[in-house]
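What follows is the content of run_14.txt (compact mmCIF, C-alpha atoms).
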# COMPACT_ATOMS: atom_id res chain seq x y z
CA MET T 159 -3.85 -35.97 -220.83
CA ALA T 160 -4.25 -33.02 -218.45
CA SER T 161 -3.17 -29.69 -219.92
CA LEU T 162 -0.16 -27.90 -218.49
CA LEU T 163 -0.69 -24.74 -216.46
CA LYS T 164 1.49 -22.79 -218.89
CA ASP T 165 -1.03 -23.58 -221.62
CA LEU T 166 -3.32 -20.98 -220.07
CA TYR T 167 -1.35 -18.78 -222.45
CA SER T 168 -3.01 -20.28 -225.51
CA PRO T 169 -3.97 -18.94 -228.96
CA THR T 170 -7.54 -18.58 -227.68
CA PHE T 171 -6.36 -16.52 -224.71
CA TYR T 172 -4.32 -14.17 -226.88
CA ASP T 173 -7.16 -13.82 -229.37
CA ARG T 174 -9.50 -12.63 -226.62
CA LEU T 175 -6.85 -10.40 -225.10
CA SER T 176 -5.92 -8.78 -228.41
CA ASN T 177 -9.59 -8.08 -229.14
CA ALA T 178 -9.76 -6.09 -225.89
CA LEU T 179 -6.43 -4.38 -226.62
CA ALA T 180 -7.69 -3.41 -230.10
CA PHE T 181 -10.59 -1.65 -228.42
CA SER T 182 -8.47 0.25 -225.90
CA ILE T 183 -5.17 0.99 -227.71
CA PRO T 184 -5.34 3.37 -230.70
CA LYS T 185 -4.03 1.82 -233.96
CA PHE T 186 -3.36 -1.53 -232.23
CA ASP T 187 -2.10 -4.13 -234.73
CA LYS T 188 -3.60 -7.45 -233.64
CA GLY T 189 -1.76 -9.50 -236.25
CA LYS T 190 1.61 -8.06 -235.30
CA PHE T 191 0.87 -8.59 -231.58
CA ILE T 192 0.05 -12.27 -232.11
CA LYS T 193 3.16 -12.71 -234.26
CA VAL T 194 5.46 -11.16 -231.63
CA ILE T 195 3.86 -13.29 -228.89
CA PHE T 196 4.33 -16.60 -230.71
CA ILE T 197 8.06 -16.43 -231.31
CA PRO T 198 9.86 -19.77 -231.91
CA GLU T 199 10.93 -19.97 -228.25
CA PHE T 200 7.38 -19.53 -226.93
CA GLU T 201 6.63 -23.26 -226.73
CA SER T 202 9.61 -23.93 -224.46
CA LYS T 203 8.71 -21.16 -222.02
CA GLU T 204 7.18 -22.13 -218.68
CA LEU T 205 4.24 -20.36 -217.02
CA LYS T 206 6.15 -17.49 -215.40
CA GLU T 207 8.30 -17.01 -218.49
CA ARG T 208 5.19 -16.74 -220.67
CA MET T 209 3.70 -14.27 -218.23
CA LYS T 210 6.85 -12.11 -218.33
CA HIS T 211 6.98 -12.43 -222.12
CA THR T 212 3.38 -11.21 -222.42
CA SER T 213 4.14 -8.20 -220.21
CA LYS T 214 7.20 -7.33 -222.29
CA VAL T 215 5.37 -7.66 -225.61
CA LEU T 216 2.48 -5.54 -224.32
CA HIS T 217 4.99 -2.84 -223.34
CA GLY T 218 6.02 -2.57 -226.97
CA PHE T 219 2.43 -1.75 -228.01
CA LEU T 220 1.79 0.86 -225.32
CA PRO T 221 2.86 4.52 -225.25
CA GLU T 222 6.23 5.46 -223.75
CA ASP T 223 4.35 7.65 -221.28
CA TYR T 224 3.74 5.33 -218.30
CA PRO T 225 0.66 7.08 -216.84
CA GLN T 226 -0.94 7.01 -220.30
CA SER T 227 -0.15 3.29 -220.60
CA ILE T 228 -1.80 2.60 -217.24
CA GLY T 229 -4.90 4.43 -218.43
CA LEU T 230 -5.07 2.12 -221.45
CA ILE T 231 -4.58 -0.97 -219.25
CA LYS T 232 -7.53 0.14 -217.13
CA LYS T 233 -9.58 0.61 -220.28
CA THR T 234 -8.54 -2.91 -221.40
CA ILE T 235 -9.70 -4.44 -218.11
CA THR T 236 -13.04 -2.67 -218.48
CA GLN T 237 -13.37 -4.11 -221.98
CA LEU T 238 -12.44 -7.61 -220.79
CA ARG T 239 -15.24 -7.40 -218.26
CA ILE T 240 -17.65 -6.30 -220.98
CA GLN T 241 -16.55 -9.34 -222.99
CA GLY T 242 -17.52 -11.53 -220.04
CA ILE T 243 -13.97 -12.38 -218.97
CA GLY T 244 -14.12 -13.44 -215.33
CA GLU T 245 -11.98 -11.96 -212.60
CA ASP T 246 -8.99 -13.70 -210.97
CA GLY T 247 -7.86 -15.49 -214.11
CA LEU T 248 -4.29 -16.67 -213.52
CA ALA T 249 -3.22 -15.81 -217.06
CA TYR T 250 -3.89 -12.12 -216.40
CA MET T 251 -1.08 -11.98 -213.83
CA PHE T 252 0.95 -10.26 -216.57
CA LEU T 253 -1.00 -7.06 -215.77
CA PRO T 254 0.36 -6.72 -212.20
CA ASP T 255 3.76 -7.75 -213.58
CA TYR T 256 3.60 -4.83 -216.02
CA ILE T 257 3.10 -2.40 -213.12
CA GLU T 258 5.92 -4.02 -211.12
CA THR T 259 8.32 -4.02 -214.07
CA TYR T 260 7.70 -0.63 -215.65
CA GLY T 261 6.20 1.47 -212.85
CA ILE T 262 8.45 0.97 -209.84
CA ASP T 263 9.72 4.58 -210.06
CA ASP T 264 6.27 6.15 -210.32
CA PHE T 265 4.81 5.61 -206.87
CA GLU T 266 1.50 7.45 -207.10
CA VAL T 267 0.45 6.21 -210.54
CA SER T 268 1.50 2.62 -209.82
CA VAL T 269 -0.11 2.40 -206.39
CA GLU T 270 -3.40 3.68 -207.76
CA ALA T 271 -3.05 1.17 -210.61
CA LEU T 272 -2.45 -1.70 -208.16
CA GLU T 273 -5.61 -0.70 -206.29
CA PHE T 274 -7.59 -0.84 -209.56
CA VAL T 275 -6.01 -3.94 -211.12
CA THR T 276 -6.18 -6.10 -207.97
CA GLN T 277 -9.97 -5.98 -208.27
CA PHE T 278 -9.55 -7.87 -211.56
CA VAL T 279 -6.52 -10.05 -210.81
CA SER T 280 -4.58 -10.20 -207.53
CA CYS T 281 -1.56 -7.91 -207.19
CA GLU T 282 -0.18 -9.56 -204.03
CA PHE T 283 3.16 -10.37 -205.70
CA ALA T 284 3.52 -7.12 -207.65
CA VAL T 285 3.05 -4.94 -204.58
CA ARG T 286 6.09 -6.35 -202.80
CA PRO T 287 8.82 -4.53 -204.79
CA PHE T 288 7.00 -1.31 -203.88
CA ILE T 289 7.12 -2.25 -200.18
CA LEU T 290 10.85 -2.92 -200.48
CA LYS T 291 11.52 0.38 -202.29
CA TYR T 292 9.16 2.69 -200.39
CA GLU T 293 8.83 0.82 -197.07
CA ASN T 294 6.66 2.79 -194.63
CA GLN T 295 5.20 5.00 -197.37
CA MET T 296 3.79 1.87 -199.00
CA ILE T 297 2.70 0.33 -195.69
CA LEU T 298 0.74 3.49 -194.86
CA ARG T 299 -1.03 3.25 -198.20
CA MET T 300 -1.85 -0.40 -197.46
CA GLN T 301 -3.31 0.67 -194.12
CA GLN T 302 -5.67 2.87 -196.11
CA TRP T 303 -6.45 -0.08 -198.39
CA SER T 304 -7.45 -2.12 -195.34
CA LEU T 305 -10.49 0.19 -195.07
CA HIS T 306 -11.37 0.01 -198.78
CA GLU T 307 -14.90 -0.86 -199.92
CA SER T 308 -13.59 -3.71 -202.11
CA HIS T 309 -12.73 -6.92 -200.26
CA LYS T 310 -10.06 -7.61 -202.90
CA VAL T 311 -8.25 -4.36 -202.10
CA ARG T 312 -8.58 -5.08 -198.38
CA ARG T 313 -7.08 -8.52 -198.94
CA LEU T 314 -4.21 -6.98 -200.93
CA ALA T 315 -3.42 -4.95 -197.81
CA SER T 316 -2.99 -8.05 -195.65
CA GLU T 317 -1.78 -10.63 -198.18
CA GLY T 318 0.64 -8.33 -199.99
CA SER T 319 2.26 -7.24 -196.72
CA ARG T 320 2.85 -10.76 -195.36
CA PRO T 321 6.47 -11.01 -194.22
CA ARG T 322 6.85 -14.49 -195.74
CA LEU T 323 4.35 -14.73 -198.61
CA PRO T 324 4.97 -18.11 -200.34
CA TRP T 325 6.44 -18.01 -203.85
CA ALA T 326 7.13 -14.28 -203.43
CA MET T 327 10.14 -12.18 -202.44
CA GLY T 328 10.57 -11.81 -198.70
CA ILE T 329 10.33 -8.47 -196.91
CA PRO T 330 13.36 -8.38 -194.56
CA PHE T 331 12.34 -5.30 -192.58
CA LEU T 332 8.92 -6.85 -191.84
CA LYS T 333 10.53 -10.12 -190.79
CA LYS T 334 12.72 -8.12 -188.43
CA ASP T 335 9.91 -5.97 -187.07
CA PRO T 336 6.25 -6.53 -188.10
CA THR T 337 4.95 -3.64 -185.98
CA SER T 338 4.03 -1.49 -188.98
CA ILE T 339 1.60 -4.06 -190.42
CA LEU T 340 -0.23 -4.78 -187.17
CA PRO T 341 -2.71 -1.90 -187.72
CA ILE T 342 -3.64 -3.50 -191.05
CA LEU T 343 -4.43 -6.78 -189.33
CA GLU T 344 -6.26 -4.95 -186.56
CA ASN T 345 -8.50 -3.24 -189.12
CA LEU T 346 -9.29 -6.55 -190.83
CA LYS T 347 -9.78 -8.89 -187.87
CA THR T 348 -13.58 -8.59 -188.11
CA ASP T 349 -13.77 -8.27 -191.89
CA PRO T 350 -17.02 -9.64 -193.34
CA SER T 351 -15.09 -11.56 -196.03
CA GLU T 352 -13.64 -14.96 -195.09
CA TYR T 353 -11.22 -14.48 -198.01
CA VAL T 354 -9.78 -11.49 -196.14
CA ARG T 355 -9.88 -13.07 -192.69
CA ARG T 356 -7.88 -16.11 -193.87
CA SER T 357 -5.28 -13.71 -195.23
CA VAL T 358 -5.05 -12.08 -191.80
CA ALA T 359 -4.52 -15.52 -190.26
CA ASN T 360 -1.79 -16.32 -192.79
CA SER T 361 -0.02 -13.06 -191.98
CA LEU T 362 -0.16 -13.90 -188.27
CA ASN T 363 1.31 -17.31 -189.01
CA ASP T 364 4.17 -15.63 -190.92
CA ILE T 365 4.83 -13.32 -187.98
CA ALA T 366 4.78 -16.24 -185.53
CA LYS T 367 7.80 -17.79 -187.25
CA ASP T 368 9.98 -14.82 -186.26
CA HIS T 369 8.09 -13.20 -183.37
CA PRO T 370 5.93 -15.74 -181.53
CA GLN T 371 5.28 -13.41 -178.63
CA VAL T 372 3.64 -10.86 -180.92
CA VAL T 373 1.12 -13.46 -182.06
CA LEU T 374 0.62 -14.75 -178.52
CA ASN T 375 -0.25 -11.22 -177.39
CA ILE T 376 -2.68 -10.80 -180.29
CA ALA T 377 -4.26 -14.17 -179.45
CA LYS T 378 -4.90 -12.98 -175.91
CA ASN T 379 -6.31 -9.61 -177.05
CA TRP T 380 -8.56 -10.99 -179.79
CA SER T 381 -9.73 -14.14 -178.02
CA GLY T 382 -13.48 -14.29 -177.53
CA LEU T 383 -14.31 -11.24 -179.66
CA SER T 384 -16.22 -13.42 -182.14
CA VAL T 385 -16.30 -16.90 -183.63
CA GLU T 386 -14.62 -15.51 -186.73
CA THR T 387 -11.83 -13.82 -184.79
CA ASP T 388 -11.20 -16.96 -182.76
CA ALA T 389 -10.85 -18.85 -186.06
CA ILE T 390 -8.28 -16.30 -187.27
CA ILE T 391 -6.22 -16.75 -184.12
CA LYS T 392 -6.37 -20.54 -184.32
CA HIS T 393 -5.31 -20.64 -187.97
CA GLY T 394 -2.69 -17.97 -187.36
CA SER T 395 -1.23 -20.03 -184.51
CA ARG T 396 -0.89 -23.25 -186.50
CA THR T 397 2.90 -23.14 -186.71
CA LEU T 398 3.21 -22.46 -182.98
CA LEU T 399 0.84 -25.35 -182.27
CA LYS T 400 2.85 -27.70 -184.50
CA GLN T 401 6.01 -26.58 -182.72
CA GLY T 402 4.41 -27.41 -179.38
CA HIS T 403 4.99 -23.85 -178.14
CA ALA T 404 4.20 -23.92 -174.41
CA ASP T 405 2.34 -20.60 -174.22
CA ILE T 406 0.00 -21.28 -177.15
CA LEU T 407 -0.72 -24.77 -175.79
CA LYS T 408 -1.60 -23.17 -172.46
CA HIS T 409 -3.77 -20.59 -174.23
CA TYR T 410 -5.85 -23.39 -175.76
CA GLY T 411 -5.90 -25.55 -172.62
CA LEU T 412 -3.85 -28.32 -174.20
CA ASP T 413 -2.16 -30.26 -171.40
CA ASP T 414 -0.88 -33.81 -171.93
CA ALA T 415 -1.07 -34.77 -168.23
CA GLY T 416 -3.15 -37.93 -167.88
CA ILE T 417 -3.50 -38.38 -171.65
CA LEU T 418 -1.73 -41.64 -172.50
CA LEU T 419 -0.56 -43.10 -175.81
CA LYS T 420 -1.07 -46.85 -175.96
CA ASP T 421 -0.38 -49.68 -178.44
CA PHE T 422 1.41 -47.56 -181.04
CA LYS T 423 2.19 -49.88 -183.97
CA ILE T 424 3.54 -49.43 -187.48
CA LEU T 425 1.48 -51.79 -189.61
CA THR T 426 3.65 -51.38 -192.72
CA PRO T 427 7.27 -51.23 -191.44
CA GLN T 428 8.64 -51.41 -194.99
CA ILE T 429 7.04 -49.46 -197.85
CA LYS T 430 7.91 -48.45 -201.38
CA ILE T 431 7.64 -45.01 -202.95
CA GLY T 432 4.03 -44.66 -204.09
CA GLU T 433 2.68 -46.71 -201.17
CA SER T 434 1.29 -45.61 -197.82
CA LEU T 435 2.68 -45.90 -194.31
CA GLU T 436 -0.07 -47.33 -192.11
CA PHE T 437 -0.04 -47.09 -188.32
CA SER T 438 -2.41 -47.51 -185.39
CA PHE T 439 -2.58 -46.41 -181.77
CA SER T 440 -4.93 -45.72 -178.87
CA VAL T 441 -5.32 -42.67 -176.67
CA LEU T 442 -6.59 -42.94 -173.11
CA ASN T 443 -7.84 -40.04 -171.03
CA GLU T 444 -7.25 -41.32 -167.51
CA ASN T 445 -8.22 -37.99 -165.95
CA PRO T 446 -11.42 -37.78 -163.85
CA THR T 447 -12.68 -34.97 -166.11
CA GLU T 448 -13.04 -34.49 -169.86
CA GLN T 449 -9.97 -33.10 -171.61
CA LYS T 450 -9.27 -31.37 -174.90
CA VAL T 451 -6.85 -33.50 -176.93
CA ARG T 452 -4.91 -32.39 -180.00
CA LEU T 453 -3.45 -35.35 -181.87
CA GLU T 454 -0.62 -35.01 -184.39
CA TYR T 455 2.12 -37.14 -185.83
CA ALA T 456 5.54 -36.21 -187.15
CA ILE T 457 7.35 -37.81 -190.05
CA TYR T 458 11.15 -37.53 -189.95
CA TYR T 459 11.95 -37.58 -193.66
CA LYS T 460 15.44 -38.70 -194.58
CA LYS T 461 17.45 -36.01 -196.38
CA GLN T 462 20.15 -36.46 -198.98
CA ASN T 463 22.87 -35.77 -196.38
CA GLY T 464 21.56 -38.59 -194.18
CA HIS T 465 19.95 -36.31 -191.59
CA ASN T 466 16.22 -36.10 -191.01
CA THR T 467 13.78 -33.23 -191.44
CA LYS T 468 10.63 -33.17 -189.35
CA LYS T 469 7.14 -32.38 -190.67
CA VAL T 470 4.09 -32.39 -188.40
CA TYR T 471 0.61 -33.48 -189.53
CA LYS T 472 -2.58 -32.86 -187.58
CA ILE T 473 -4.99 -35.75 -186.95
CA SER T 474 -7.71 -34.19 -184.83
CA GLU T 475 -8.57 -31.89 -181.96
CA ARG T 476 -11.54 -32.85 -179.81
CA VAL T 477 -12.76 -33.30 -176.25
CA TYR T 478 -12.22 -36.78 -174.75
CA PRO T 479 -14.63 -37.83 -171.98
CA ALA T 480 -13.16 -38.92 -168.64
CA GLY T 481 -11.82 -42.46 -168.88
CA ALA T 482 -12.38 -42.67 -172.64
CA THR T 483 -10.13 -44.70 -174.94
CA ILE T 484 -10.05 -43.85 -178.63
CA ASN T 485 -8.60 -46.23 -181.24
CA ILE T 486 -7.14 -44.72 -184.41
CA ILE T 487 -5.71 -46.06 -187.68
CA ARG T 488 -4.03 -43.64 -190.12
CA LYS T 489 -2.21 -43.70 -193.45
CA GLN T 490 0.50 -41.41 -194.76
CA LYS T 491 1.06 -41.49 -198.52
CA PHE T 492 4.57 -41.49 -199.94
CA VAL T 493 3.62 -40.29 -203.40
CA LEU T 494 6.13 -38.16 -205.30
CA ILE T 495 5.22 -34.48 -205.55
CA THR T 496 7.11 -31.55 -207.02
CA THR T 497 7.89 -30.01 -203.62
CA ARG T 498 9.41 -33.09 -201.97
CA LYS T 499 11.95 -35.67 -203.06
CA PHE T 500 12.09 -38.90 -201.08
CA HIS T 501 15.37 -40.56 -200.10
CA LEU T 502 15.46 -44.29 -199.46
CA GLY T 503 16.35 -45.82 -196.14
CA ASP T 504 15.43 -45.44 -192.49
CA HIS T 505 12.68 -42.95 -191.59
CA GLN T 506 10.94 -42.20 -188.31
CA ILE T 507 7.45 -41.41 -187.14
CA SER T 508 6.39 -40.05 -183.76
CA MET T 509 3.07 -39.42 -182.06
CA ILE T 510 2.33 -36.00 -180.54
CA ILE T 511 -0.34 -35.41 -177.89
CA ASN T 512 -1.15 -31.82 -176.92
CA GLY T 513 2.21 -30.67 -178.24
CA ALA T 514 4.22 -33.30 -176.37
CA GLU T 515 6.12 -35.75 -178.56
CA LYS T 516 5.64 -39.29 -177.35
CA GLU T 517 6.89 -42.56 -178.78
CA ILE T 518 9.11 -42.65 -181.92
CA SER T 519 9.25 -45.66 -184.24
CA HIS T 520 11.22 -46.51 -187.38
CA PHE T 521 10.15 -47.63 -190.84
CA GLU T 522 12.04 -48.19 -194.08
CA LEU T 523 11.38 -46.62 -197.46
CA THR T 524 12.51 -48.72 -200.42
CA ALA T 525 12.50 -48.32 -204.19
Show me the file's structure as structure tokens.
Amino acid sequence: MASLLKDLYSPTFYDRLSNALAFSIPKFDKGKFIKVIFIPEFESKELKERMKHTSKVLHGFLPEDYPQSIGLIKKTITQLRIQGIGEDGLAYMFLPDYIETYGIDDFEVSVEALEFVTQFVSCEFAVRPFILKYENQMILRMQQWSLHESHKVRRLASEGSRPRLPWAMGIPFLKKDPTSILPILENLKTDPSEYVRRSVANSLNDIAKDHPQVVLNIAKNWSGLSVETDAIIKHGSRTLLKQGHADILKHYGLDDAGILLKDFKILTPQIKIGESLEFSFSVLNENPTEQKVRLEYAIYYKKQNGHNTKKVYKISERVYPAGATINIIRKQKFVLITTRKFHLGDHQISMIINGAEKEISHFELTA
């Protein structure tokens, strides 16, 4: 049976960690540390709870003086590297949590610590309380990070300042006005690291949800600078494309005139949870010239209140020769996942060509 993610916090993990802590913390009691970690409630704790618990226990073994504690954490990270512990291990997220929890009132020490620690394990979540508390002071520091020699620090500048970072607290003032983070994205638009460039694209996509015109202007200004920059714009415009936003469709030359949907059929009009919806259709380019065609479909999932919620899925984007007809068969799985609960009954599916929603058909989901 596959191990649970929370089991990253295992006896083996804590043995390795405590060995590093014993090296860096004077008079560290490994036995006591392990005993305090594995309290009776430990087994019932989930991943985030175990992470928080580890941070809290560590706090009890560090000096009351916060800057001194940060110095020992840095020494511990250095020792972990010597021991061959790889970077970006999810279990080490308790280190950024320690900074977030115990250092929020010490701006200079904590910000310097975030810069150091993020090169071992990402601090994208931990930096956000500092943005909320210090606002532009923190954003200015992140602008400096965007020019850092380490690609991980540069990525922290863009990823940590995203207005809508998934699984993290939102930043209301950046949702309202993202102007202050645009210089960060500008500095990173030609970054040599794809890891960083994808973060820039994700930030643009966040901004597009509240300020589409800002992203449209950036798309115009960055277009054609390089293959990499064009990829950033395209990925950063994905929400606007799925929404069929007229200006972004025009920017990419996506016009549905003369592009016809034909023979749209649902091959499995009744499916059970765990099965796949199967459908087929044809697309005809009746124009006298080749045309770029972006194909998508939308599933209208039935909600508990009886209404439907729409989710768009991309099929392809390619150039269709003049007069060409393309035949397509697709499947959409209805397998239960943790982020979506299915409700039985009537559902809908529609085809979308170059942002224009075409024919809608119904299918039934049964138990």
Could you list, as number ranges by chain, every residue within 9 Å of Ala480 in chain T, counting all atoms listed in the file and ignoring same-chain residues fewer than 5 positions away? T: 442-449
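Compared by their closest atoms to Gly318 in chain T, and using only C-alpha atoms, the residues T:Leu418, T:Val470, T:Cys281, T:Leu383 rank with T:Cys281 nearest.
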Using only C-alpha atoms, which residue out of T:Trp380, T:Ser316, T:Ser304, T:Thr397 lies closest to Asp368 in chain T?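 Counting only C-alpha atoms, the residue closest to Asp368 in chain T is T:Thr397.
If you look at CA of Glu258 in chain T and CA of Glu344 in chain T, they are 27.4 Å away from each other.
Across the model, the gap from CA of Leu523 in chain T to CA of Gln462 in chain T is 13.5 Å.
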At a cut-off of 12 Å, using only C-alpha atoms, what residues contact Lys164 in chain T? Leave out same-chain residues fewer than 5 positions from it and give the result as a list of chain:residue names. T:Phe171, T:Phe200, T:Glu201, T:Ser202, T:Lys203, T:Glu204, T:Leu205, T:Lys206, T:Glu207, T:Arg208, T:Met209, T:Lys210, T:Leu248, T:Ala249
Might I get the box with edges along x, y and z of the file that holds all atoms of range 332-338 of chain T listed there, padded by 5 Å on every side, given as centre and edge lengths in Å to one decimal, as lines of an AutoDock Vina configuration file?
center_x = 8.4
center_y = -5.8
center_z = -188.9
size_x = 18.7
size_y = 18.6
size_z = 15.9
T:Glu282, T:Glu433, T:Asp504, T:Glu522: which is nearest Lys461 in chain T, counting only C-alpha atoms?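 Using only C-alpha atoms, Lys461 in chain T sits closest to T:Asp504.
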What gap, in Å, lies between CA of Ser319 in chain T and CA of Phe252 in chain T? 20.1 Å
Neighbours of Gln241 in chain T within 12 Å (all atoms listed in the file; same-chain residues fewer than 3 positions away dropped), as a PyMOL selection string? chain T and resi 174-179+181+234-238+244-245
Do you know which residues lie at most 10 Å from (4.4, -30.4, -182.4), with coordinates as in the file and only C-alpha atoms counted, and could you write them as an MDAnalysis selection string? chainID T and resid 396:403 452:456 468:472 508:515
Which protein, DNA or RNA residues have an atom at most 9 Å from (-1.0, -44.9, -179.6), counting only C-alpha atoms? List them as JSON, numbers by chain. {"T": [418, 419, 420, 421, 422, 423, 438, 439, 440, 441, 442, 485, 486, 509, 516, 517]}
Nearest to Lys333 in chain T: which of T:Asn363, T:Ser213, T:Gln490, T:Ser168 is it, counting only C-alpha atoms?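 Counting only C-alpha atoms, the residue closest to Lys333 in chain T is T:Asn363.
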Pick out the residues sitting within 10 Å of Leu298 in chain T, and hand them over as a list in words; count all atoms listed in the file, and ignore anything fewer than 3 positions along from it in its own chain.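 In the requested form, the answer reads Glu293, Asn294, Gln295, Gln301, Gln302, Trp303, Ser304, Ala315, Ser338, Ile339, Pro341 and Ile342 of chain T.
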Among listed residues T:Phe219, T:Thr170, T:Ser308, T:Phe265, nearest Val194 in chain T (using all atoms listed in the file): T:Phe219
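Distance annotation: of T:His501, T:Arg312, T:Lys489, T:Arg320, the residue with the minimal separation from Leu425 in chain T is T:Lys489; atom set is only C-alpha atoms.
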Can you complete the atoms of range 178-197 of chain T to N, CA and C atoms and list them as an mmCIF file, keeping the file's coordinate frame?
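Written out: selection.cif:
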data_model
loop_
_atom_site.group_PDB
_atom_site.id
_atom_site.type_symbol
_atom_site.label_atom_id
_atom_site.label_comp_id
_atom_site.auth_asym_id
_atom_site.auth_seq_id
_atom_site.Cartn_x
_atom_site.Cartn_y
_atom_site.Cartn_z
ATOM 1 N N ALA T 178 -9.576 -7.156 -226.883
ATOM 2 C CA ALA T 178 -9.760 -6.090 -225.890
ATOM 3 C C ALA T 178 -8.729 -4.988 -226.085
ATOM 4 N N LEU T 179 -7.488 -5.370 -226.386
ATOM 5 C CA LEU T 179 -6.430 -4.380 -226.620
ATOM 6 C C LEU T 179 -6.747 -3.528 -227.849
ATOM 7 N N ALA T 180 -7.331 -4.147 -228.880
ATOM 8 C CA ALA T 180 -7.690 -3.410 -230.100
ATOM 9 C C ALA T 180 -8.743 -2.352 -229.798
ATOM 10 N N PHE T 181 -9.572 -2.620 -228.803
ATOM 11 C CA PHE T 181 -10.590 -1.650 -228.420
ATOM 12 C C PHE T 181 -9.988 -0.476 -227.646
ATOM 13 N N SER T 182 -8.979 -0.775 -226.811
ATOM 14 C CA SER T 182 -8.470 0.250 -225.900
ATOM 15 C C SER T 182 -7.240 0.999 -226.408
ATOM 16 N N ILE T 183 -6.420 0.373 -227.244
ATOM 17 C CA ILE T 183 -5.170 0.990 -227.710
ATOM 18 C C ILE T 183 -5.350 1.514 -229.134
ATOM 19 N N PRO T 184 -5.195 2.804 -229.350
ATOM 20 C CA PRO T 184 -5.340 3.370 -230.700
ATOM 21 C C PRO T 184 -4.350 2.728 -231.686
ATOM 22 N N LYS T 185 -4.835 2.368 -232.875
ATOM 23 C CA LYS T 185 -4.030 1.820 -233.960
ATOM 24 C C LYS T 185 -3.321 0.510 -233.561
ATOM 25 N N PHE T 186 -3.940 -0.240 -232.654
ATOM 26 C CA PHE T 186 -3.360 -1.530 -232.230
ATOM 27 C C PHE T 186 -3.378 -2.507 -233.394
ATOM 28 N N ASP T 187 -2.240 -3.168 -233.639
ATOM 29 C CA ASP T 187 -2.100 -4.130 -234.730
ATOM 30 C C ASP T 187 -2.187 -5.543 -234.146
ATOM 31 N N LYS T 188 -3.382 -6.132 -234.237
ATOM 32 C CA LYS T 188 -3.600 -7.450 -233.640
ATOM 33 C C LYS T 188 -2.700 -8.507 -234.262
ATOM 34 N N GLY T 189 -2.585 -8.501 -235.576
ATOM 35 C CA GLY T 189 -1.760 -9.500 -236.250
ATOM 36 C C GLY T 189 -0.312 -9.430 -235.819
ATOM 37 N N LYS T 190 0.215 -8.229 -235.717
ATOM 38 C CA LYS T 190 1.610 -8.060 -235.300
ATOM 39 C C LYS T 190 1.784 -8.519 -233.852
ATOM 40 N N PHE T 191 0.808 -8.194 -232.992
ATOM 41 C CA PHE T 191 0.870 -8.590 -231.580
ATOM 42 C C PHE T 191 0.950 -10.108 -231.458
ATOM 43 N N ILE T 192 0.059 -10.807 -232.159
ATOM 44 C CA ILE T 192 0.050 -12.270 -232.110
ATOM 45 C C ILE T 192 1.369 -12.834 -232.625
ATOM 46 N N LYS T 193 1.910 -12.236 -233.681
ATOM 47 C CA LYS T 193 3.160 -12.710 -234.260
ATOM 48 C C LYS T 193 4.324 -12.543 -233.286
ATOM 49 N N VAL T 194 4.373 -11.410 -232.581
ATOM 50 C CA VAL T 194 5.460 -11.160 -231.630
ATOM 51 C C VAL T 194 5.317 -12.055 -230.397
ATOM 52 N N ILE T 195 4.076 -12.370 -230.021
ATOM 53 C CA ILE T 195 3.860 -13.290 -228.890
ATOM 54 C C ILE T 195 4.400 -14.675 -229.233
ATOM 55 N N PHE T 196 4.006 -15.212 -230.369
ATOM 56 C CA PHE T 196 4.330 -16.600 -230.710
ATOM 57 C C PHE T 196 5.658 -16.697 -231.472
ATOM 58 N N ILE T 197 6.708 -16.262 -230.782
ATOM 59 C CA ILE T 197 8.060 -16.430 -231.310
ATOM 60 C C ILE T 197 8.442 -17.911 -231.229
#
